[in-house]
Amino acid sequence: MIFRYELKKIFQKKTNLIAMLVGYVILLITTVYPVIGETEYLYEQDIEYQGVEAIRFNEDFAKNQTEVLTEDYVTAVLAEIQESNMDPNTDEGYLAFNDSYGNLFNYLVKSYQPIGDDEHRPELLMDVDLTQGAQFYERRVQRVRDFVNQDFSFGNYSEDEKEYWIKKAESVKTPFVWGDTFVLKQYDTVIALAFYLLFVLIICLSGTFSAEHEKGTAGILLSTRHGQRRLVYEKGLAAYIFGFSYVIVGYLISFLWLGVTIGAKGIHLPVQLLDSAICHSMNMGQFLLLQMLISMVVIFFEVTLVLFVSAFTKTTMGTMSLILAGLIIPAFIPFSKGSRLFNHVLALAIVRMVDLKGCLMSFLDYRIGPVILDLPTTTILVHLAATGILLIFLRKAFVKRALRS
């Protein structure tokens with residue numbers, strides 16, 4: 001009875017319905033626009049492809065280049081680039097290389113830059129020494145080795161940590177299967193956008209317990225026959241079912257549109273096509289599953305946090321303000337140049353997990369005794385543990401606040 005009533009309350013409130021609709025509209029716009037807005041321009045032929053046609057062109061272009069990025073193939077491509085004697089920093093040179101090599105050109109540029117160098121520096125390809133071949137995969141591991149051996153202002157990596165990252169880099173299966181990753185990136189974007197749907201959940205669920213405090217009905221409800229035993233449980237169950245259902249339906253709508261328009265090619269491609277320095281052994285399909293798992297854990301934690309704060313906050317607006325502040329503020333806090341511990345804590349904030357590729361490239365690790373864990377794994381474990389702790393004290397928080405009213 002309480003469960004059904006709580007769900008009914010969520011859908012009866014006009015503010016909630018508007019928020020849910022706006023959330024889906026934003027999700028659809030950010031899903032549809034990158035596809036219809038995709039363009040590919042061939043400079044020498046003066047041909048421009050738009051939307052799905054551009055996506056298909058890039059898929060076929062990559063497929064016809066090579067099946068696997070072998071050392072010999074990369075060496076041959078770099079030799080052609082260097083022998084062209086064109087300046088890749090000029091518009092003419094860049095467009096010509098893009099015509100000839102497509103996304104492979106930018107991928108190689110990024111792969112020969114130091115980790116953390118976000119400038120686009122195509123001139124580096126002109127200086128690669130090819131006397132012993134491109135040494136593409138050897139240089140990949142060397143980039144990781146150079147990064148972890150740097151002197152950082154906030155503290156350096158220990159020898160164990162250096163060994164951890166270098167071994168992870170060496171364990172990645174090579175050579176990489178080659179292909180276009182645009183389609184899979186769109187699915188990743190949809191999953192990452194669950195972060196923005198959290199705002200809708202906060203709006204809809206902030207009054208779960210605090211509304212009872214506002215109306216003065218908390219004590220009355222707790223004094224009913226099953227109040228102490230079932231009230232918190234059924235209110236919480238309604239919140240979880242609504243939260244997960246709302247986000248999953250959003251996923252399904254977006255996935256359906258993507259599936260119909262562009263399909264789902266490239267699941268088998270290695271995640272290293274996003275950045276060759278990624279040290280995690282997984283393909284794009286596994287990458288999306290990890291992103292989905294993190295998304296579900298984040299929703300579980302965030303709904304629990306909303307319920308917990310709502311249980312002892314006197315007003316719905318107070319609950320909403322506290323949760324929104326906790327969600328948004330970490331996005332504007334810069335990483336410290338002097339405290340590695342601070343950076344490790346800040347990296348666990350929900351807002352930091354929107355970009356999973358960035359997390360995989362952060363090279364942050366956490367030690368639990370003799371075990372070293374990467375950032376995604378630690379984030380999952382920390383948020384599950386925090387969720388469990390909040391659940392243990394949720395009922396007590398609501399009862400204690402109700403008795404004070």
# chains A, B, ... in the order shown; residues from 1 in each chain; ligands from 1
$ closest_atom_pairs --of "region 95-200 of chain A" --to "region 347-362 of chain A" --cutoff "8 Å" --atoms "only C-alpha atoms" --output "JSON lines"
{"residue": "A:Ala192", "atom": "CA", "partner": "A:Val354", "partner_atom": "CA", "distance": 5.1}
{"residue": "A:Leu193", "atom": "CA", "partner": "A:Val354", "partner_atom": "CA", "distance": 7.4}
{"residue": "A:Phe195", "atom": "CA", "partner": "A:Val354", "partner_atom": "CA", "distance": 6.7}
$ atom_distance --atom1 "CA of Asn85 (chain A)" --atom2 "CA of Gly179 (chain A)"
27.1 Å
$ select_by_dssp --residues "region 177-377 of chain A" --states "strand (DSSP E or B)" --output "PyMOL selection string"
chain A and resi 177+270+283+365-368+371-374
$ select_by_dssp --residues "region 82-316 of chain A" --states "alpha helix (DSSP H)" --output "JSON, numbers by chain"
{"A": [82, 83, 91, 92, 93, 94, 95, 96, 97, 98, 99, 100, 101, 103, 104, 105, 106, 107, 108, 109, 110, 111, 136, 137, 138, 139, 140, 141, 142, 143, 144, 145, 146, 147, 148, 159, 160, 161, 162, 163, 164, 165, 166, 167, 168, 169, 170, 171, 182, 183, 184, 185, 186, 187, 188, 189, 190, 191, 192, 194, 195, 196, 197, 198, 199, 200, 201, 202, 203, 204, 205, 207, 208, 209, 210, 211, 212, 213, 214, 215, 218, 219, 220, 221, 222, 232, 233, 234, 235, 236, 237, 238, 239, 240, 241, 242, 243, 244, 245, 246, 247, 248, 249, 250, 251, 252, 253, 254, 255, 256, 257, 258, 259, 260, 261, 284, 285, 286, 287, 288, 289, 290, 291, 292, 293, 294, 295, 296, 297, 298, 299, 300, 301, 302, 303, 304, 305, 306, 307, 308, 309, 310, 311, 312, 316]}
$ closest_residue --among "A:Ser111, A:Ser171, A:Asn103, A:Asn89" --to "Cys279 (chain A)" --atoms "only C-alpha atoms"
A:Ser171
$ atom_distance --atom1 "CA of Ala134 (chain A)" --atom2 "CA of Thr90 (chain A)"
23.9 Å
$ atom_distance --atom1 "CA of Ser276 (chain A)" --atom2 "CA of Val77 (chain A)"
16.8 Å
$ closest_residue --among "A:Pro88, A:Gly243, A:Gly102, A:Gly318" --to "Asp180 (chain A)" --atoms "only C-alpha atoms"
A:Gly102
$ closest_residue --among "A:Leu373, A:Leu21, A:Phe152, A:Leu78" --to "Ser336 (chain A)" --atoms "only C-alpha atoms"
A:Phe152
$ closest_residue --among "A:Val190, A:Ile55, A:Leu327, A:Ile333" --to "Met292 (chain A)" --atoms "only C-alpha atoms"
A:Val190
$ residues_around --residues "Cys204 (chain A)" --least-positions-apart "6" --cutoff "12 Å" --atoms "only C-alpha atoms" --output "PyMOL selection string"
chain A and resi 6-21+23+197-198+211+238-240+242-243+246+303+306-307+310+316-317+319-320
